[in-house]
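A short worksheet on the structure shown next.
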Amino acid sequence: MPAPRIAPPLDVTPRAARRFLRSILGLDAAHPSVAAALAHHGFVQLDPLNVCGRMHDLILRNRVAGYREHDLLKHLYGTGIEGGVPLPPSRREAFEHYLPGGGVLAAFPLTAWPYLTTSMEERARRPGGYFGRLSLPEELLARRILSEIAERGPLAAEDIHHDGRALTAWGSRGRLAKIVLDKLFFHGRVLLTTRRAFRRIYDLPDRVLPERVLSGVRPSPHEVARYLLLLRLRQRRLALLRRAEVPLVADRVQEVRIEGCPPCFCLRKDAPALLAASSGSQPDGAVRLLAPLDPLIYDRRLTAALWKFEYTFEAYTPADRRVRGYYALPVLAGDRLAGHVEPRADRERGRLLVLSHSVSRGVSVRRAVQELSRFLALR
């Protein structure tokens with residue numbers, strides 16, 4: 001079979017590329033629903049920190065019409081997040097799991113499931129590492145935990161009575177039962193059936209996902225590798241690819257050359273929108289506060305080159321090395337990134353505090369901060 005033909009590169013200006021990203025990443029026209037956003041972007045990253053709203057809510061509030069706090073979890077789990085009965089498998093439209101190759105937790109549409117199972121099985125075989133193969137004592141405890149879930153129904157780590165201790169992924173000492181449950185989840189032997197106050201509630205896979213999803217045709221390793229590359233492009237819309245990766249998706253991607261930026265790629269189906277951005281009208285100048293891991297800025301190298309904006313999510317950075325703050329939100333103004341705001345929700349007093357901010361001259365963040373406070377139901 002001949003190699004796929006690689007389309008000639010597109011040359012676009014940095015401004016056109018920035019306008020394209022705003023539009024194609026859902027910041028100019030909102031998606032009608034969470035399901036539509038997941039279908040378009042491929043996944044939405046989750047994070048447990050709740051400083052001024054959780055990561056996934058901050059990402060989707062800018063992209064889904066009428067989005068409210070916790071709407072993604074309700075899409076995943078129904079009213080179970082409020083303590084009710086979790087959704088039955090027949091009504092599931094999405095699930096929560098890790099991206100292959102790292103510890104990034106995300107919400108996926110059901111169509112992603114077969115492409116993630118290979119990495120789950122690889123983790124279960126991998127020697128060493130926090131999420132690798134279970135040791136013999138861990139496997140014995142795992143069988144007991146699986147038996148308890150089968151008999152008792154969905155359980156949280158606190159519901160498993162076991163006194164064992166072990167090292168967590170952070171290097172501290174933690175409960176062995178929780179660590180084993182984490183591993184079972186990483187390996188796909190249990191899944192999340194709901195969350196309560198963002199705590200994980202686990203159940204057996206066949207009681208979480210539809211049987212047609214669990215028993216579907218398994219893709220080949222080539223198909224999995226290809227899917228994951230295209231997933232990266234769906235998420236970022238302009239992405240850097242290594243030389244060895246390009247042949248896998250050459251029939252689906254378009255090389256893009258932007259002055260001052262490393263060579264990158266977009267999906268071929270997005271090329272008309274990219275070209276249209278060169279002659280399109282000026283984007284809405286309304287100021288938006290982006291999530292720290294928003295798809296628009298996720299690739300730090302491309303963000304620095306294209307937007308002239310150096311940004312790092314610093315929540316896990318030692319305090320003495322932080323530049324912008326623990327949970328700083330980038331400021332998007334038209335087709336430029338104009339600085340940051342560091343808000344913090346004071347839930348006890350019902351107020352949204354601004355700990356620090358630094359924005360370009362002439363850019364006002366007042367309305368954007370007010371919008372965030374209303375979203376969080378704070379003053």
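Labels for the structure tokens follow display order: chains A, B, ..., residues from 1 in each chain, ligands from 1.
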* Neighbour list for Tyr98 of chain A as an NGL selection string, cut-off 9 Å, only C-alpha atoms, skip fewer than 3 positions in-chain -> :A and (101-107 or 116 or 120 or 186)
Could those selected residues go to a file with C-alpha atoms, as a CSV table (one decimal), in the first residue's frame?
chain,number,residue,atom,x,y,z
A,101,GLY,CA,1.0,7.7,28.7
A,102,GLY,CA,0.5,9.8,31.8
A,103,GLY,CA,-1.6,10.6,34.9
A,104,VAL,CA,-4.0,13.0,33.1
A,105,LEU,CA,-7.6,12.3,34.2
A,106,ALA,CA,-10.3,13.2,31.7
A,107,ALA,CA,-13.9,12.7,30.7
A,116,LEU,CA,-7.9,3.3,26.0
A,120,MET,CA,-4.9,-0.2,30.9
A,186,PHE,CA,-5.8,2.4,36.3
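Distance annotation: of A:Ser215, A:Leu289, A:Arg379, A:Leu110, the residue with the minimal separation from Ala333 of chain A is A:Leu289; atom set is only C-alpha atoms.
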* Best match for closeness to Ile201 of chain A among A:Asp251, A:Asp71, A:Glu158, A:Glu245, counting only C-alpha atoms -> A:Glu158
* To do: Just the residues within 8 Å of His357 of chain A, please, counting only C-alpha atoms, with nothing from its chain fewer than 4 positions along; format it as a list in words.
  => Gly339, His340, Val341 and Glu342 of chain A
* So, counting only C-alpha atoms, which residue among A:Leu60, A:Ala16, A:His40, A:Ala112 is closest to Tyr227 of chain A? ->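 Of A:Leu60, A:Ala16, A:His40, A:Ala112, the one nearest Tyr227 of chain A is A:Ala112, counting only C-alpha atoms.
Residues lying within 12 Å of Leu46 of chain A, counting only C-alpha atoms and ignoring same-chain neighbours fewer than 4 positions away, are A:Asn50, A:Gly53, A:Arg54, A:Met55, A:His56, A:Asp57, A:Leu58, A:Ile59, A:Leu60, A:His70, A:Leu72, A:Leu73, A:Leu76, A:Phe95, A:Glu96, A:His97, A:Tyr98, A:Leu99, A:Gly103, A:Val104, A:Leu105, A:Ala106, A:Ala107, A:Phe108, A:Phe198, A:Ala291, A:Pro292, A:Leu293, A:Asp294.
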